[in-house]
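Okay, run07.cif is below, mmCIF, C-alpha atoms:
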```
data_input
loop_
_atom_site.label_atom_id
_atom_site.label_comp_id
_atom_site.auth_asym_id
_atom_site.auth_seq_id
_atom_site.Cartn_x
_atom_site.Cartn_y
_atom_site.Cartn_z
CA MET A 1 84.51 -24.86 60.97
CA HIS A 2 88.32 -24.83 61.08
CA GLU A 3 90.29 -23.47 64.04
CA TRP A 4 91.50 -20.47 62.07
CA ASP A 5 87.96 -19.35 61.26
CA LEU A 6 86.79 -19.83 64.83
CA ASP A 7 89.79 -18.11 66.39
CA THR A 8 89.76 -15.04 64.11
CA ARG A 9 86.03 -14.37 64.19
CA VAL A 10 84.94 -10.72 64.32
CA ASP A 11 81.43 -9.56 65.24
CA PRO A 12 80.13 -6.18 64.03
CA THR A 13 79.01 -3.76 66.74
CA GLY A 14 78.09 -0.85 64.49
CA ASP A 15 79.76 2.13 62.78
CA GLY A 16 82.62 0.04 61.36
CA ARG A 17 83.56 -1.43 64.75
CA PHE A 18 84.00 -5.11 65.54
CA ALA A 19 84.41 -7.17 68.70
CA ALA A 20 86.70 -10.21 68.81
CA HIS A 21 88.70 -12.39 71.19
CA LEU A 22 92.40 -13.28 71.05
CA THR A 23 92.98 -16.89 72.07
CA ASP A 24 96.18 -18.47 73.38
CA ARG A 25 96.18 -21.04 70.56
CA TRP A 26 98.26 -18.95 68.10
CA SER A 27 101.03 -17.69 70.37
CA GLY A 28 104.71 -17.18 69.68
CA PRO A 29 107.63 -16.98 72.13
CA GLY A 30 106.61 -15.81 75.58
CA GLY A 31 102.98 -16.72 74.96
CA ARG A 32 102.34 -13.51 73.00
CA PRO A 33 99.78 -13.78 70.18
CA ASN A 34 101.60 -14.29 66.89
CA GLY A 35 101.87 -11.21 64.68
CA GLY A 36 100.30 -12.90 61.67
CA TYR A 37 97.39 -13.98 63.87
CA LEU A 38 96.78 -10.35 64.88
CA VAL A 39 96.70 -9.25 61.23
CA ALA A 40 93.87 -11.72 60.54
CA PHE A 41 91.41 -9.80 62.72
CA CYS A 42 92.06 -6.57 60.87
CA LEU A 43 91.68 -8.23 57.47
CA ARG A 44 88.49 -10.03 58.44
CA ALA A 45 87.01 -6.74 59.62
CA LEU A 46 88.14 -4.88 56.48
CA GLY A 47 86.69 -7.68 54.38
CA GLU A 48 83.31 -6.84 55.90
CA VAL A 49 83.43 -3.12 55.02
CA LEU A 50 85.24 -3.04 51.66
CA PRO A 51 83.54 -4.10 48.40
CA HIS A 52 86.41 -6.12 46.88
CA PRO A 53 87.05 -9.74 48.00
CA ASP A 54 90.84 -10.10 48.14
CA PRO A 55 93.52 -8.23 50.10
CA LEU A 56 96.12 -7.12 47.54
CA VAL A 57 98.63 -5.20 49.66
CA VAL A 58 98.73 -5.08 53.46
CA SER A 59 100.90 -2.85 55.63
CA ALA A 60 100.84 -3.66 59.35
CA HIS A 61 102.54 -1.59 62.05
CA TYR A 62 102.97 -3.30 65.42
CA LEU A 63 102.73 -0.84 68.30
CA ARG A 64 102.88 -3.20 71.28
CA PRO A 65 102.32 -6.92 72.01
CA GLY A 66 98.78 -8.29 71.89
CA VAL A 67 97.16 -9.68 75.02
CA VAL A 68 94.93 -12.77 75.14
CA GLY A 69 91.34 -11.71 75.78
CA PRO A 70 88.71 -9.40 74.28
CA VAL A 71 89.78 -6.94 71.58
CA ARG A 72 88.18 -4.25 69.45
CA VAL A 73 88.77 -3.57 65.75
CA ASP A 74 87.90 -0.10 64.43
CA THR A 75 87.78 0.27 60.64
CA GLU A 76 87.69 3.22 58.27
CA VAL A 77 86.96 3.07 54.55
CA VAL A 78 89.52 5.39 52.96
CA ARG A 79 88.51 5.03 49.32
CA THR A 80 86.56 2.75 47.03
CA GLY A 81 87.05 2.55 43.28
CA ARG A 82 86.31 0.24 40.38
CA ARG A 83 89.49 -1.87 40.69
CA LEU A 84 90.72 -1.14 44.22
CA SER A 85 89.37 -0.22 47.61
CA THR A 86 91.45 0.87 50.59
CA GLY A 87 90.75 0.84 54.30
CA GLU A 88 92.41 1.16 57.68
CA ALA A 89 91.90 -1.06 60.72
CA ARG A 90 93.08 -0.56 64.31
CA LEU A 91 93.24 -3.49 66.73
CA SER A 92 93.04 -2.52 70.42
CA CYS A 93 93.32 -4.46 73.66
CA GLY A 94 91.36 -2.42 76.18
CA ASP A 95 92.28 1.22 75.55
CA ARG A 96 95.72 0.41 74.09
CA GLU A 97 96.15 0.19 70.32
CA VAL A 98 98.21 -2.88 69.44
CA LEU A 99 98.22 -2.96 65.64
CA ARG A 100 97.37 -0.59 62.81
CA VAL A 101 96.80 -1.96 59.31
CA VAL A 102 96.28 -0.18 55.99
CA ALA A 103 95.19 -2.51 53.20
CA SER A 104 94.04 -2.25 49.60
CA TYR A 105 91.64 -4.87 48.28
CA ALA A 106 90.99 -6.06 44.72
CA ASP A 107 89.32 -8.91 42.85
CA LEU A 108 92.21 -11.22 41.99
CA GLY A 109 89.85 -13.50 40.13
CA ALA A 110 89.32 -10.71 37.60
CA ALA A 111 93.00 -9.82 37.08
CA THR A 112 93.82 -9.99 33.35
CA GLY A 113 97.01 -7.94 32.96
CA ARG A 114 100.42 -9.02 31.74
CA THR A 115 102.29 -11.62 33.84
CA LEU A 116 106.07 -12.09 34.03
CA VAL A 117 107.57 -14.25 36.81
CA LEU A 118 111.37 -14.39 36.84
CA GLY A 119 111.68 -16.44 40.02
CA GLU A 120 110.65 -20.01 40.68
CA ALA A 121 109.22 -22.07 43.52
CA PRO A 122 111.56 -23.82 45.99
CA ASP A 123 112.71 -27.23 44.76
CA LEU A 124 111.48 -29.46 47.58
CA PRO A 125 110.74 -33.19 47.84
CA PRO A 126 107.02 -34.01 48.21
CA PRO A 127 105.68 -33.13 51.67
CA ASP A 128 105.20 -36.79 52.61
CA GLU A 129 108.94 -37.31 52.09
CA CYS A 130 109.79 -34.40 54.40
CA VAL A 131 109.95 -34.07 58.19
CA ASP A 132 108.85 -31.56 60.79
CA VAL A 133 111.22 -28.58 60.60
CA HIS A 134 111.38 -28.47 64.41
CA GLY A 135 112.79 -31.98 64.64
CA GLY A 136 110.55 -32.82 67.59
CA LEU A 137 111.54 -29.66 69.48
CA SER A 138 108.53 -28.27 71.34
CA ARG A 139 107.83 -25.30 73.61
CA SER A 140 104.54 -24.99 75.48
CA ASP A 141 104.38 -21.21 74.96
CA ILE A 142 104.69 -21.41 71.15
CA THR A 143 101.23 -22.77 70.37
CA VAL A 144 101.16 -21.50 66.76
CA ALA A 145 103.56 -24.38 65.99
CA ASP A 146 100.73 -26.80 66.81
CA ARG A 147 98.42 -25.20 64.26
CA VAL A 148 100.70 -24.61 61.30
CA ASP A 149 102.39 -27.66 59.78
CA LEU A 150 105.94 -27.02 58.52
CA ARG A 151 107.94 -29.69 56.68
CA ALA A 152 111.39 -29.70 55.10
CA PRO A 153 113.86 -32.33 53.83
CA LYS A 154 115.53 -32.21 57.27
CA PRO A 155 114.97 -30.27 60.52
CA HIS A 156 116.22 -26.70 60.53
CA GLY A 157 119.70 -26.30 61.94
CA TRP A 158 118.66 -24.03 64.81
CA ALA A 159 116.08 -26.62 65.95
CA GLN A 160 118.88 -29.17 66.34
CA GLY A 161 121.12 -26.78 68.27
CA ARG A 162 123.35 -26.34 65.20
CA PRO A 163 122.49 -23.08 63.42
CA THR A 164 123.73 -23.16 59.85
CA GLY A 165 125.02 -19.57 59.84
CA THR A 166 122.93 -18.87 56.72
CA PRO A 167 119.60 -17.10 57.33
CA HIS A 168 117.73 -18.85 54.51
CA THR A 169 115.14 -21.61 54.83
CA GLU A 170 112.77 -23.41 52.44
CA PHE A 171 109.91 -25.65 53.51
CA TRP A 172 106.28 -26.69 52.99
CA ILE A 173 103.57 -24.96 55.01
CA ARG A 174 99.83 -25.44 55.59
CA PHE A 175 97.26 -25.23 58.37
CA ALA A 176 97.61 -28.35 60.52
CA ASP A 177 93.87 -29.09 60.45
CA GLY A 178 93.81 -29.06 56.66
CA ARG A 179 92.09 -25.70 56.18
CA PRO A 180 92.80 -24.49 52.63
CA ALA A 181 94.69 -21.22 52.44
CA ASP A 182 92.88 -18.25 50.95
CA THR A 183 94.03 -14.73 50.11
CA ALA A 184 93.23 -13.36 53.58
CA SER A 185 95.05 -16.13 55.45
CA LEU A 186 98.14 -15.82 53.21
CA ALA A 187 98.83 -12.51 54.93
CA SER A 188 99.08 -14.42 58.21
CA LEU A 189 100.87 -17.55 57.00
CA VAL A 190 103.85 -15.45 55.84
CA ASP A 191 104.48 -14.69 59.53
CA SER A 192 103.75 -18.14 60.97
CA ALA A 193 107.21 -19.76 60.84
CA ALA A 194 110.28 -19.13 62.93
CA PRO A 195 112.45 -16.27 61.57
CA ALA A 196 115.43 -17.19 59.43
CA VAL A 197 117.79 -15.27 61.74
CA LEU A 198 117.55 -18.21 64.16
CA GLU A 199 120.06 -19.83 61.81
CA LEU A 200 122.50 -17.12 62.98
CA GLY A 201 122.17 -18.31 66.56
CA GLU A 202 119.56 -15.72 67.54
CA THR A 203 116.73 -16.82 69.83
CA ASP A 204 113.86 -14.49 68.93
CA SER A 205 112.78 -11.58 66.75
CA THR A 206 109.98 -9.03 67.11
CA THR A 207 108.14 -7.63 64.09
CA VAL A 208 108.06 -3.84 63.79
CA GLU A 209 106.34 -3.60 60.39
CA LEU A 210 105.03 -6.20 57.94
CA THR A 211 104.11 -5.62 54.30
CA VAL A 212 102.38 -8.37 52.33
CA HIS A 213 101.67 -8.49 48.60
CA VAL A 214 99.04 -11.09 47.71
CA ARG A 215 99.57 -12.13 44.09
CA ALA A 216 96.95 -14.79 43.37
CA ARG A 217 94.30 -17.03 44.88
CA PRO A 218 96.09 -20.21 45.96
CA ALA A 219 95.23 -23.67 44.69
CA PRO A 220 94.29 -26.17 47.43
CA GLY A 221 97.14 -28.03 49.08
CA TRP A 222 100.54 -27.33 50.56
CA LEU A 223 102.38 -24.06 49.99
CA ALA A 224 106.11 -23.93 49.34
CA ALA A 225 107.86 -21.23 51.37
CA ARG A 226 111.18 -19.46 50.98
CA VAL A 227 112.39 -17.25 53.86
CA THR A 228 115.51 -15.09 53.61
CA THR A 229 117.31 -12.37 55.55
CA ARG A 230 120.16 -10.53 53.82
CA TYR A 231 120.74 -7.51 56.04
CA LEU A 232 121.08 -7.27 59.81
CA VAL A 233 122.02 -3.75 60.88
CA GLY A 234 122.05 -2.39 64.42
CA GLY A 235 119.83 -5.21 65.68
CA HIS A 236 117.20 -4.64 62.97
CA HIS A 237 116.77 -7.10 60.12
CA GLU A 238 114.53 -7.54 57.11
CA GLU A 239 112.88 -10.87 56.36
CA ASP A 240 111.59 -11.72 52.90
CA VAL A 241 109.05 -14.49 52.42
CA GLU A 242 107.66 -16.08 49.25
CA LEU A 243 104.72 -18.50 49.15
CA TRP A 244 104.06 -20.67 46.09
CA ASP A 245 101.04 -22.93 45.71
CA ALA A 246 100.86 -26.57 44.64
CA THR A 247 100.70 -25.59 40.95
CA GLY A 248 103.94 -23.60 41.16
CA GLN A 249 102.15 -20.25 41.18
CA LEU A 250 103.50 -17.38 43.28
CA VAL A 251 100.65 -16.44 45.63
CA ALA A 252 102.21 -14.11 48.21
CA GLN A 253 105.34 -12.13 49.02
CA SER A 254 106.17 -10.28 52.20
CA ARG A 255 108.89 -8.18 53.76
CA GLN A 256 109.06 -7.30 57.40
CA LEU A 257 111.39 -5.22 59.50
CA ALA A 258 112.08 -6.93 62.79
CA LEU A 259 114.12 -6.28 65.92
CA LEU A 260 116.38 -8.70 67.77
CA PRO A 261 116.18 -8.87 71.57
CA ALA A 262 118.30 -6.29 73.38
CA GLY A 263 121.72 -7.63 74.32
#
```

If you convert what's in this file into structure tokens, what do you get?
Amino acid sequence: MHEWDLDTRVDPTGDGRFAAHLTDRWSGPGGRPNGGYLVAFCLRALGEVLPHPDPLVVSAHYLRPGVVGPVRVDTEVVRTGRRLSTGEARLSCGDREVLRVVASYADLGAATGRTLVLGEAPDLPPPDECVDVHGGLSRSDITVADRVDLRAPKPHGWAQGRPTGTPHTEFWIRFADGRPADTASLASLVDSAAPAVLELGETDSTTVELTVHVRARPAPGWLAARVTTRYLVGGHHEEDVELWDATGQLVAQSRQLALLPAG
């Protein structure tokens, strides 16, 4: 079993409740569990109680940082229908709610409606011709970087101490142990890379809310990512992410509102 599956396991305890454990192997700056990692627990629990197989739209509100250790996930089925089902999940550390997720699920394998894609995948060299985006830069507290492989034609500017001034990055992404991405893990991979605002000379960013649209089941292999910020207002910024699979198919989009550190 891959690390992701082991480290996001949820065990039912009855009445739509699940027990789980946050590890320190998917942490971001400061050793706090990565936001995308937290979402995975809610989606795995909702996948157990909703009848459809694929998350279609996910809205996650971060209330406070997660804490490594035991957690509880409480779920509620809001509605089930023929094409969509919707549920809510609340992730708590002790008696403190950390994350609340509302998600609608569908069967993307049965989607037959009209398709029109006006964008295109990032134009990147093959992954084996690319390098680690961090350029060898490593921090012991950011363990998620050891479990998600990110490659680009050259290291990101911020990682070399030379931010480009343009909050836009494109790169390849996959789980480092080779686990194929699926629709549930796409909602976490969109939040697994460093924020694009680091190219403005910023040092960190904290997610307030994350919305993910899952568009298709990904083909096996690397995913091409495009990350962009266009508006930074009063210390808050949006970040838009696109993920495209190895066949050039758009498989996920996300937008998050995030907050820069005070001062």

What would the selection look like, as a compact mmCIF listing (two decimals) with C-alpha atoms, in the coordinates of the input, if the PyMOL selection byres ((chain A and resi 178) around 12) were run on the coordinates I just shared?
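See expr_5.txt below for the written result:
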```
# COMPACT_ATOMS: atom_id res chain seq x y z
CA MET A 1 84.51 -24.86 60.97
CA HIS A 2 88.32 -24.83 61.08
CA GLU A 3 90.29 -23.47 64.04
CA TRP A 4 91.50 -20.47 62.07
CA ARG A 147 98.42 -25.20 64.26
CA VAL A 148 100.70 -24.61 61.30
CA ASP A 149 102.39 -27.66 59.78
CA ILE A 173 103.57 -24.96 55.01
CA ARG A 174 99.83 -25.44 55.59
CA PHE A 175 97.26 -25.23 58.37
CA ALA A 176 97.61 -28.35 60.52
CA ASP A 177 93.87 -29.09 60.45
CA ARG A 179 92.09 -25.70 56.18
CA PRO A 180 92.80 -24.49 52.63
CA ALA A 181 94.69 -21.22 52.44
CA PRO A 220 94.29 -26.17 47.43
CA GLY A 221 97.14 -28.03 49.08
CA TRP A 222 100.54 -27.33 50.56
CA LEU A 223 102.38 -24.06 49.99
```

For this structure, which residues satisfy the selection - the PyMOL selection byres ((chain A and resi 251) around 9) - when it is evaluated on the file as given? I want them as a PDB file with C-alpha atoms, in the frame of the given file.
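Final output, result.pdb:
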```
ATOM      1  CA  THR A 183      94.030 -14.730  50.110  1.00  0.00           C
ATOM      2  CA  LEU A 186      98.140 -15.820  53.210  1.00  0.00           C
ATOM      3  CA  HIS A 213     101.670  -8.490  48.600  1.00  0.00           C
ATOM      4  CA  VAL A 214      99.040 -11.090  47.710  1.00  0.00           C
ATOM      5  CA  ARG A 215      99.570 -12.130  44.090  1.00  0.00           C
ATOM      6  CA  ALA A 216      96.950 -14.790  43.370  1.00  0.00           C
ATOM      7  CA  ARG A 217      94.300 -17.030  44.880  1.00  0.00           C
ATOM      8  CA  PRO A 218      96.090 -20.210  45.960  1.00  0.00           C
ATOM      9  CA  LEU A 223     102.380 -24.060  49.990  1.00  0.00           C
ATOM     10  CA  GLU A 242     107.660 -16.080  49.250  1.00  0.00           C
ATOM     11  CA  LEU A 243     104.720 -18.500  49.150  1.00  0.00           C
ATOM     12  CA  TRP A 244     104.060 -20.670  46.090  1.00  0.00           C
ATOM     13  CA  ASP A 245     101.040 -22.930  45.710  1.00  0.00           C
ATOM     14  CA  GLN A 249     102.150 -20.250  41.180  1.00  0.00           C
ATOM     15  CA  LEU A 250     103.500 -17.380  43.280  1.00  0.00           C
ATOM     16  CA  ALA A 252     102.210 -14.110  48.210  1.00  0.00           C
ATOM     17  CA  GLN A 253     105.340 -12.130  49.020  1.00  0.00           C
TER      18      GLN A 253
END
```

- Message: Here is a test: counting all atoms listed in the file, which residue of A:Ser104, A:Thr112, A:Ser92, A:Ser27 is nearest to Asp191 (chain A)?
- Response: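 The closest residue to Asp191 (chain A) is A:Ser27.
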
- Please write the residues picked by the PyMOL selection byres ((chain A and resi 76-84) around 8) on this file as a PyMOL selection string. chain A and resi 16+49-52+74-75+85-89+104-107

- Rounded to one decimal place, report the CA of Gly14 (chain A)-CA of Gly94 (chain A) distance in Å.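 CA of Gly94 (chain A) lies at a distance of 17.8 Å from CA of Gly14 (chain A).
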
- Item | Given all atoms listed in the file as the counted atoms, nearest of A:Ala184, A:Val117, A:Leu189, A:Val101 to Leu150 (chain A) |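 Of the candidates, the smallest distance to Leu150 (chain A) is held by A:Leu189.
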
- Message: With distances taken over all atoms listed in the file, which residue among A:Ala159, A:Leu108, A:Leu257, A:Ala103 lies nearest Arg230 (chain A)?
- Response: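 Among the listed residues, the smallest separation from Arg230 (chain A) belongs to A:Leu257.
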
- Message: List the spatial neighbours of Ala258 (chain A) as number ranges by chain - criterion: any atom at most 10 Å away, all atoms listed in the file, same-chain residues fewer than 2 positions off excluded.
- Response: A: 195, 204-210, 232, 235-239, 255-256, 260-261

Could you give me the axis-aligned bounding box of region 36-41 of chain A, with 5 Å of padding per side, as centre plus edge lengths in Å to one decimal, as lines of an AutoDock Vina configuration file?
```
center_x = 95.9
center_y = -11.6
center_z = 62.7
size_x = 18.9
size_y = 14.7
size_z = 14.3
```

- Item | Nearby residues (all atoms listed in the file) at most 9 Å from Gly161 (chain A), same-chain spacing under 3 positions excluded, as a ChimeraX atom specification | /A:157-158,201

- Selected residue, from A:Pro53, A:Pro70, A:Gly248, A:Pro167, that lies nearest to Leu124 (chain A) when counting all atoms listed in the file: A:Gly248

- Message: Using all atoms listed in the file, which protein or nucleic acid residues come within 7 Å of Gly69 (chain A)? Drop anything in the same chain fewer than 6 positions from it, and give the result as a PyMOL selection string.
- Response: chain A and resi 21-23

- Message: Give me the residues near Asp132 (chain A) as an MDAnalysis selection string, where near means some atom within 10 Å (using only C-alpha atoms) and where sequence neighbours in that chain fewer than 4 positions away do not count.
- Response: chainID A and resid 127 136:137 149:156 171:172

- Message: Restricting the calculation to all atoms listed in the file: of A:Arg64, A:Arg96, A:Ala219, A:Thr229, which residue gets closest to Leu200 (chain A)?
- Response: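 Looking at the shortest contact to Leu200 (chain A), the residue is A:Thr229.
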
- Nearest-residue call for Arg100 (chain A), choices A:Asp146, A:Leu6, A:Gly35, A:Cys130, using all atoms listed in the file: A:Gly35

Val39 (chain A) environment, 9 Å, all atoms listed in the file, sequence neighbours closer than 4 positions dropped, as a JSON list (two decimals) with C-alpha atoms, in the frame of the given file:
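Writing the result to result_32.json gives the following:
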```json
[["chain", "number", "residue", "atom", "x", "y", "z"],
["A", 35, "GLY", "CA", 101.87, -11.21, 64.68],
["A", 43, "LEU", "CA", 91.68, -8.23, 57.47],
["A", 44, "ARG", "CA", 88.49, -10.03, 58.44],
["A", 60, "ALA", "CA", 100.84, -3.66, 59.35],
["A", 91, "LEU", "CA", 93.24, -3.49, 66.73],
["A", 99, "LEU", "CA", 98.22, -2.96, 65.64],
["A", 100, "ARG", "CA", 97.37, -0.59, 62.81],
["A", 101, "VAL", "CA", 96.80, -1.96, 59.31],
["A", 187, "ALA", "CA", 98.83, -12.51, 54.93],
["A", 188, "SER", "CA", 99.08, -14.42, 58.21]]
```

- Task: Using CA of Glu170 (chain A) and CA of Ala225 (chain A) as the two end points, give the distance in Å to one decimal.
- Result: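 CA of Ala225 (chain A) lies at a distance of 5.5 Å from CA of Glu170 (chain A).
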
- Message: As an exercise, work out the distance from CA of Ala45 (chain A) to CA of His61 (chain A) in Å and give it to one decimal place.
- Response: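 Those two atoms sit 16.5 Å apart.
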